[in-house]
$ cat coords_10.cif   # mmCIF, C-alpha atoms
data_data
loop_
_atom_site.label_atom_id
_atom_site.label_comp_id
_atom_site.auth_asym_id
_atom_site.auth_seq_id
_atom_site.Cartn_x
_atom_site.Cartn_y
_atom_site.Cartn_z
CA MET A 1 -7.79 -11.03 -6.10
CA ASN A 2 -11.40 -9.96 -5.83
CA SER A 3 -12.97 -6.78 -7.09
CA ILE A 4 -14.96 -4.55 -4.73
CA GLY A 5 -18.02 -5.62 -6.72
CA LYS A 6 -18.50 -9.37 -6.86
CA GLU A 7 -19.97 -9.05 -10.35
CA CYS A 8 -16.76 -7.34 -11.56
CA THR A 9 -14.20 -9.90 -10.37
CA GLU A 10 -14.21 -11.87 -13.61
CA LEU A 11 -13.74 -8.72 -15.70
CA LYS A 12 -11.06 -7.54 -13.33
CA GLN A 13 -9.11 -10.77 -13.71
CA LYS A 14 -9.35 -10.59 -17.50
CA TYR A 15 -8.15 -7.01 -17.45
CA ASP A 16 -5.34 -7.74 -14.97
CA ASP A 17 -4.07 -10.58 -17.16
CA CYS A 18 -4.05 -8.28 -20.17
CA PHE A 19 -2.37 -5.50 -18.23
CA ASN A 20 0.30 -7.72 -16.68
CA SER A 21 1.43 -9.10 -20.04
CA TRP A 22 1.38 -5.63 -21.57
CA PHE A 23 3.37 -4.23 -18.64
CA SER A 24 6.16 -6.82 -18.76
CA ASP A 25 6.29 -7.50 -22.51
CA LYS A 26 5.61 -4.02 -23.90
CA PHE A 27 5.73 -1.15 -21.44
CA LEU A 28 8.98 -2.07 -19.68
CA LYS A 29 10.56 -2.71 -23.09
CA GLY A 30 9.76 0.79 -24.32
CA ASP A 31 6.49 0.21 -26.21
CA HIS A 32 4.08 2.61 -24.52
CA ASP A 33 1.04 2.04 -26.72
CA ASP A 34 -1.57 0.81 -24.23
CA SER A 35 -4.47 0.36 -26.66
CA VAL A 36 -4.30 -3.46 -26.48
CA CYS A 37 -6.12 -3.55 -23.09
CA SER A 38 -8.28 -0.44 -23.50
CA GLY A 39 -11.40 -2.35 -24.58
CA ILE A 40 -11.53 -4.67 -21.60
CA PHE A 41 -10.48 -1.80 -19.31
CA LYS A 42 -13.54 0.25 -20.32
CA VAL A 43 -15.96 -2.59 -19.61
CA TYR A 44 -14.29 -3.35 -16.28
CA GLN A 45 -14.31 0.35 -15.31
CA GLU A 46 -18.04 0.66 -15.90
CA CYS A 47 -18.64 -2.30 -13.64
CA VAL A 48 -16.37 -1.00 -10.86
CA LYS A 49 -17.75 2.55 -10.96
CA ASN A 50 -21.24 1.13 -10.48
CA ALA A 51 -20.12 -1.06 -7.60
CA MET A 52 -18.41 1.93 -6.00
CA LYS A 53 -21.54 4.05 -6.34
CA GLN A 54 -23.57 1.33 -4.64
CA GLN A 55 -21.13 1.36 -1.74
CA ASN A 56 -21.28 5.16 -1.43
CA ILE A 57 -17.61 5.67 -2.09
CA ASP A 58 -16.55 9.29 -2.27
CA PHE A 59 -15.35 9.81 -5.86
CA LYS A 60 -14.02 13.28 -5.08
CA GLU A 61 -11.58 11.78 -2.57
CA ILE A 62 -10.48 9.17 -5.10
CA ASP A 63 -9.97 11.69 -7.89
CA LYS A 64 -7.58 13.77 -5.78
CA ASP A 65 -4.00 13.48 -7.02
CA ILE A 66 -1.39 13.69 -4.30
CA LEU A 67 1.61 11.73 -5.57
CA GLY A 68 3.87 13.96 -7.64
CA THR A 69 2.34 17.17 -6.26
CA ASP A 70 3.45 19.40 -3.38
CA LYS A 71 0.66 17.88 -1.25
CA GLU A 72 2.87 14.86 -0.57
CA PHE A 73 3.94 14.67 3.06
CA LYS A 74 7.57 15.27 3.85
CA VAL A 75 9.36 13.63 6.73
CA PRO A 76 10.85 16.44 8.80
CA PRO A 77 14.55 15.90 9.52
CA SER A 78 15.30 14.09 12.79
CA SER A 79 11.71 13.20 13.60
CA THR A 80 11.78 9.55 12.59
CA GLY A 81 12.39 6.42 14.52
CA SER A 82 11.38 5.34 18.01
CA MET B 1 2.12 16.32 15.98
CA ALA B 2 2.09 13.60 13.39
CA ARG B 3 4.44 10.66 13.80
CA TYR B 4 6.84 9.61 11.07
CA PHE B 5 8.60 6.40 10.27
CA GLU B 6 11.22 5.52 7.66
CA THR B 7 12.75 2.21 6.69
CA SER B 8 14.39 0.62 3.71
CA THR B 9 14.39 -2.93 2.39
CA THR B 10 16.48 -4.66 -0.25
CA PHE B 11 14.77 -7.16 -2.53
CA ASN B 12 17.17 -9.57 -4.24
CA PHE B 13 15.42 -9.17 -7.56
CA SER B 14 15.92 -6.84 -10.50
CA TRP B 15 13.90 -3.64 -10.65
CA GLU B 16 11.92 -5.00 -13.62
CA GLN B 17 11.00 -8.12 -11.66
CA VAL B 18 9.90 -6.05 -8.66
CA ALA B 19 7.86 -3.73 -10.90
CA CYS B 20 6.09 -6.70 -12.53
CA ALA B 21 5.47 -8.43 -9.22
CA TYR B 22 4.12 -5.25 -7.66
CA TRP B 23 0.83 -5.66 -9.56
CA LYS B 24 0.57 -9.29 -8.48
CA ARG B 25 1.34 -8.75 -4.81
CA TYR B 26 -2.11 -9.89 -3.71
CA PRO B 27 -3.11 -12.44 -2.72
CA ASN B 28 -0.18 -13.81 -0.75
CA PRO B 29 -0.09 -15.77 2.55
CA GLU B 30 0.53 -12.55 4.50
CA SER B 31 -2.27 -10.58 2.85
CA THR B 32 -5.37 -12.28 4.22
CA HIS B 33 -6.50 -8.82 5.42
CA VAL B 34 -6.72 -7.54 1.82
CA LEU B 35 -10.29 -8.02 0.64
CA SER B 36 -10.40 -6.36 -2.76
CA GLU B 37 -8.23 -4.53 -5.25
CA ASP B 38 -9.40 -2.47 -8.22
CA THR B 39 -7.82 -0.19 -10.77
CA CYS B 40 -9.72 3.12 -10.92
CA HIS B 41 -7.51 5.02 -13.29
CA ARG B 42 -4.57 4.27 -15.51
CA GLU B 43 -2.71 6.23 -18.19
CA VAL B 44 0.68 6.56 -19.84
CA ARG B 45 1.90 10.14 -19.70
CA ASP B 46 5.39 11.40 -20.66
CA GLY B 47 6.71 7.85 -20.78
CA CYS B 48 5.51 7.06 -17.24
CA LEU B 49 2.62 4.86 -16.14
CA TYR B 50 0.19 6.54 -13.72
CA THR B 51 -2.16 4.24 -11.83
CA LYS B 52 -4.74 4.73 -9.13
CA ARG B 53 -6.10 1.70 -7.30
CA LEU B 54 -8.72 1.22 -4.63
CA LEU B 55 -8.07 -1.45 -2.02
CA THR B 56 -10.25 -2.62 0.81
CA LYS B 57 -8.71 -4.22 3.87
CA THR B 58 -10.08 -5.53 7.12
CA ASN B 59 -9.63 -3.10 9.96
CA ARG B 60 -7.57 -4.67 12.72
CA VAL B 61 -7.86 -2.67 15.92
CA PRO B 62 -7.46 -3.68 19.55
CA LYS B 63 -10.51 -3.77 21.82
CA TRP B 64 -9.83 -0.29 23.20
CA GLY B 65 -9.87 1.17 19.71
CA GLU B 66 -13.29 -0.14 18.77
CA ARG B 67 -15.04 2.94 20.06
CA PHE B 68 -13.14 5.01 17.47
CA PHE B 69 -13.08 2.55 14.56
CA SER B 70 -16.27 0.60 14.41
CA ALA B 71 -15.87 -0.09 10.69
CA LYS B 72 -15.08 -3.67 9.77
CA SER B 73 -13.11 -2.63 6.69
CA VAL B 74 -11.18 0.37 5.45
CA LYS B 75 -10.71 1.70 1.96
CA ILE B 76 -7.30 2.64 0.73
CA ILE B 77 -6.25 4.69 -2.29
CA GLU B 78 -2.97 3.78 -3.90
CA GLU B 79 -1.39 6.12 -6.44
CA SER B 80 1.68 4.99 -8.32
CA ILE B 81 4.08 6.16 -11.00
CA VAL B 82 6.32 3.78 -12.93
CA ASP B 83 9.23 5.48 -14.65
CA PRO B 84 10.80 2.74 -16.81
CA LYS B 85 13.58 4.98 -18.12
CA ASN B 86 15.01 5.88 -14.72
CA LYS B 87 13.85 2.57 -13.22
CA VAL B 88 11.83 4.08 -10.40
CA LEU B 89 8.46 2.95 -9.06
CA VAL B 90 6.84 5.25 -6.52
CA THR B 91 3.68 4.36 -4.63
CA TYR B 92 1.62 6.59 -2.36
CA THR B 93 -1.19 5.18 -0.25
CA ARG B 94 -3.67 6.80 2.08
CA ASN B 95 -6.85 5.72 3.82
CA LEU B 96 -10.18 6.96 2.57
CA GLY B 97 -12.47 8.13 5.34
CA TYR B 98 -11.78 8.04 9.09
CA THR B 99 -8.81 10.34 8.46
CA LYS B 100 -9.68 12.44 11.55
CA VAL B 101 -9.51 9.33 13.70
CA MET B 102 -6.32 8.08 12.14
CA SER B 103 -4.67 8.90 8.85
CA VAL B 104 -1.95 6.61 7.58
CA VAL B 105 -0.05 7.85 4.55
CA GLU B 106 2.76 5.81 3.09
CA ARG B 107 5.23 6.59 0.30
CA VAL B 108 7.46 3.88 -1.11
CA GLU B 109 10.15 4.36 -3.69
CA TYR B 110 11.53 1.26 -5.43
CA ARG B 111 14.85 1.96 -7.12
CA ARG B 112 17.40 -0.18 -8.88
CA GLN B 113 20.57 -0.82 -6.92
CA GLY B 114 22.91 -2.94 -8.99
CA ALA B 115 21.22 -6.30 -9.51
CA ASP B 116 18.85 -5.65 -6.59
CA THR B 117 16.01 -3.29 -5.81
CA VAL B 118 15.84 -1.06 -2.77
CA ALA B 119 12.50 0.05 -1.37
CA ARG B 120 12.59 3.19 0.74
CA ARG B 121 9.43 3.43 2.79
CA ALA B 122 8.24 6.55 4.62
CA ALA B 123 5.03 6.83 6.58
CA CYS B 124 3.17 9.62 8.30
CA ILE B 125 0.57 8.75 10.92
CA ASP B 126 -1.77 11.28 12.46
CA SER B 127 -4.90 11.51 14.55
CA GLN B 128 -7.12 14.38 15.58
CA VAL B 129 -9.18 12.67 18.26
CA PHE B 130 -9.29 15.09 21.17
CA GLY B 131 -7.52 13.66 24.17
CA CYS B 132 -6.58 10.36 22.51
CA ALA B 133 -4.59 11.48 19.49
CA ARG B 134 -1.25 10.60 21.06
CA ALA B 135 -2.31 7.10 22.01
CA ILE B 136 -3.83 6.49 18.59
CA ARG B 137 -0.70 7.76 16.81
CA ALA B 138 1.50 5.53 18.99
CA PHE B 139 -0.73 2.56 18.24
CA GLY B 140 -0.74 3.44 14.52
CA ILE B 141 3.02 3.69 14.27
CA GLU B 142 3.57 0.35 16.03
CA ARG B 143 0.95 -1.37 13.90
CA PHE B 144 2.60 0.10 10.83
CA LYS B 145 6.07 -1.12 11.83
CA ASN B 146 4.64 -4.53 12.50
CA ASN B 147 2.87 -4.62 9.14
CA CYS B 148 6.08 -3.67 7.31
CA HIS B 149 7.52 -7.13 7.92
CA GLN B 150 4.33 -8.74 6.67
CA MET B 151 4.39 -6.59 3.53
CA VAL B 152 8.03 -7.47 2.83
CA ASN B 153 7.51 -11.18 3.51
CA GLY B 154 4.40 -11.23 1.36
CA PHE B 155 6.10 -9.42 -1.49
CA ASN B 156 9.13 -11.72 -1.28
CA PHE B 157 6.82 -14.73 -1.39
CA VAL B 158 5.26 -13.45 -4.63
CA LEU B 159 8.68 -12.59 -6.10
CA HIS B 160 10.11 -16.04 -5.33
CA ASN B 161 7.03 -17.65 -6.86
CA MET B 162 7.19 -15.60 -10.03
CA PHE B 163 10.96 -15.82 -10.44
CA PRO B 164 11.90 -19.11 -8.77
CA LYS B 165 15.38 -19.46 -10.28
CA GLN B 166 16.86 -17.01 -7.87
CA CYS B 167 18.01 -18.41 -4.55
CA PRO B 168 16.93 -16.63 -1.44
CA THR B 169 19.84 -15.00 0.36
CA SER B 170 20.97 -17.00 3.34
CA THR B 171 21.87 -13.92 5.36
CA GLN B 172 18.26 -12.95 5.98
CA SER B 173 16.68 -15.80 7.86
CA PRO B 174 18.81 -15.95 11.03
CA THR B 175 18.23 -12.27 11.80
CA LEU B 176 14.50 -12.46 11.18
CA VAL B 177 13.68 -14.56 14.21
CA PRO B 178 14.87 -12.18 16.92
CA THR B 179 13.46 -9.26 14.96
CA PHE B 180 9.99 -10.76 15.03
CA LYS B 181 10.31 -11.41 18.73
CA GLU B 182 11.48 -7.87 19.33
CA ILE B 183 8.59 -6.51 17.34
CA ARG B 184 6.06 -8.62 19.16
CA THR B 185 7.40 -7.48 22.51
CA ALA B 186 7.54 -3.86 21.38
CA ALA B 187 4.01 -4.05 19.99
CA ALA B 188 2.68 -5.58 23.19
CA ALA B 189 4.44 -2.92 25.25
CA THR B 190 3.08 -0.12 23.10
CA ALA B 191 -0.42 -1.52 23.11
CA GLY B 192 -0.21 -1.56 26.88
CA ARG B 193 1.12 1.97 26.98
CA ALA B 194 -1.49 3.19 24.53
CA LYS B 195 -4.23 1.53 26.57
CA ALA B 196 -2.91 3.17 29.71
CA ASN B 197 -2.81 6.51 27.92
CA VAL B 198 -6.37 6.18 26.74
CA LEU B 199 -7.58 5.13 30.17
CA HIS B 200 -5.63 8.00 31.67
CA SER B 201 -7.18 10.56 29.31
CA VAL B 202 -10.63 9.03 29.71
CA ASN B 203 -10.32 9.24 33.48
CA ARG B 204 -9.23 12.85 33.23
CA THR B 205 -12.22 13.99 31.19
#
$ encode --input "coords_10.cif" --output "structure tokens"
Amino acid sequence: MNSIGKECTELKQKYDDCFNSWFSDKFLKGDHDDSVCSGIFKVYQECVKNAMKQQNIDFKEIDKDILGTDKEFKVPPSSTGS
Amino acid sequence: MARYFETSTTFNFSWEQVACAYWKRYPNPESTHVLSEDTCHREVRDGCLYTKRLLTKTNRVPKWGERFFSAKSVKIIEESIVDPKNKVLVTYTRNLGYTKVMSVVERVEYRRQGADTVARRAACIDSQVFGCARAIRAFGIERFKNNCHQMVNGFNFVLHNMFPKQCPTSTQSPTLVPTFKEIRTAAAATAGRAKANVLHSVNRT
């Protein structure tokens, strides 16, 4: 999968590979130390943040946390379907 | 009033397999509309993995909608929490920008159910375009329902590729064909209705 910044795609793929092995081999097995990918993550993040700036992406909107807060939407009873 | 939609899907894979495949969902044959995917934030907190990703997707709107959505692509924020102890993965996605025209918020909870994983999907679709909000919401909800099948098929494709030993369940395929047909008919009908609604409200103003 591509990154939003063409120049970051290679870094992204390297990071994703690292993350995916960590996730299945460590995290899901109870080892929560995520330092193994932190180096490549930092480099990749720098690249992505720059690409996002160039595309005028609103960082404030991205930084907002909704999941796990009371800002999550709730489906009112009996309003689904149709 | 916003429109809501709820549905649930069973994946014939363990929760761990679904959680691993979740990060590798794209690309798949059903995801040609997904252009990019990036991790913006990630941390382990209290034994759970918190992730925030930015996705860009092509914006598929019918001709009548082009006056509201001229953008060729939309940006989507996806928050997620993986709780490995309780075997729960929750994802929460929302569009970035154009939220007054149409906001689509989706919450999916993947939980273990025996040897399988059940995904409970809830969506909230809203629009604040004066005079056309109802038509846009109706269009949004139908497009969402339609996309659900694509998401499930795409995810299943990735799961079967990653974990090929499992046989696909034979009960699914026969029911899928009429469902697709039904959806296509329903979508066409709604698009027609929505178009009529828009024309009606345009004529009124």
$ atom_distance --input "coords_10.cif" --atom1 "CA of Lys75 in chain B" --atom2 "CA of Arg94 in chain B"
8.7 Å
$ interface_residues --input "coords_10.cif" --of "chain B" --to "chain A" --cutoff "6 Å" --atoms "all atoms listed in the file" --output "PyMOL selection string"
chain B and resi 4-5+27+36-38+84
$ atom_distance --input "coords_10.cif" --atom1 "CA of Phe157 in chain B" --atom2 "CA of Glu7 in chain A"
28.8 Å
$ closest_residue --input "coords_10.cif" --among "B:Asp126, B:Met162, B:Glu6, B:Tyr92" --to "Lys71 in chain A" --atoms "all atoms listed in the file"
B:Tyr92
$ resolve_selection --input "coords_10.cif" --expression "the PyMOL selection byres ((chain B and resi 78-83) around 10)" --output "ChimeraX atom specification"
/A:27-28,62,64-68 /B:19,37-55,75-77,84-95,105-110
$ atom_distance --input "coords_10.cif" --atom1 "CA of Met151 in chain B" --atom2 "CA of Arg112 in chain B"
19.1 Å
$ resolve_selection --input "coords_10.cif" --expression "the PyMOL selection byres ((chain B and resi 161) around 12)" --output "CSV table (one decimal) with C-alpha atoms, in the coordinates of the input"
chain,number,residue,atom,x,y,z
B,13,PHE,CA,15.4,-9.2,-7.6
B,17,GLN,CA,11.0,-8.1,-11.7
B,21,ALA,CA,5.5,-8.4,-9.2
B,24,LYS,CA,0.6,-9.3,-8.5
B,25,ARG,CA,1.3,-8.8,-4.8
B,28,ASN,CA,-0.2,-13.8,-0.8
B,29,PRO,CA,-0.1,-15.8,2.6
B,154,GLY,CA,4.4,-11.2,1.4
B,155,PHE,CA,6.1,-9.4,-1.5
B,156,ASN,CA,9.1,-11.7,-1.3
B,157,PHE,CA,6.8,-14.7,-1.4
B,158,VAL,CA,5.3,-13.4,-4.6
B,159,LEU,CA,8.7,-12.6,-6.1
B,160,HIS,CA,10.1,-16.0,-5.3
B,162,MET,CA,7.2,-15.6,-10.0
B,163,PHE,CA,11.0,-15.8,-10.4
B,164,PRO,CA,11.9,-19.1,-8.8
B,165,LYS,CA,15.4,-19.5,-10.3
B,166,GLN,CA,16.9,-17.0,-7.9
B,167,CYS,CA,18.0,-18.4,-4.6
B,168,PRO,CA,16.9,-16.6,-1.4
$ residues_around --input "coords_10.cif" --residues "Gln113 in chain B" --least-positions-apart "4" --cutoff "10 Å" --atoms "only C-alpha atoms" --output "PyMOL selection string"
chain B and resi 10-15+87+117-119
$ write_last_selection --input "coords_10.cif" --atoms "C-alpha atoms" --output "PDB file, in the frame of the given file"
ATOM      1  CA  THR B  10      16.480  -4.660  -0.250  1.00  0.00           C
ATOM      2  CA  PHE B  11      14.770  -7.160  -2.530  1.00  0.00           C
ATOM      3  CA  ASN B  12      17.170  -9.570  -4.240  1.00  0.00           C
ATOM      4  CA  PHE B  13      15.420  -9.170  -7.560  1.00  0.00           C
ATOM      5  CA  SER B  14      15.920  -6.840 -10.500  1.00  0.00           C
ATOM      6  CA  TRP B  15      13.900  -3.640 -10.650  1.00  0.00           C
ATOM      7  CA  LYS B  87      13.850   2.570 -13.220  1.00  0.00           C
ATOM      8  CA  THR B 117      16.010  -3.290  -5.810  1.00  0.00           C
ATOM      9  CA  VAL B 118      15.840  -1.060  -2.770  1.00  0.00           C
ATOM     10  CA  ALA B 119      12.500   0.050  -1.370  1.00  0.00           C
TER      11      ALA B 119
END
$ closest_residue --input "coords_10.cif" --among "B:Cys20, B:Ala191, B:Ala2, B:Val34" --to "Ile125 in chain B" --atoms "all atoms listed in the file"
B:Ala2
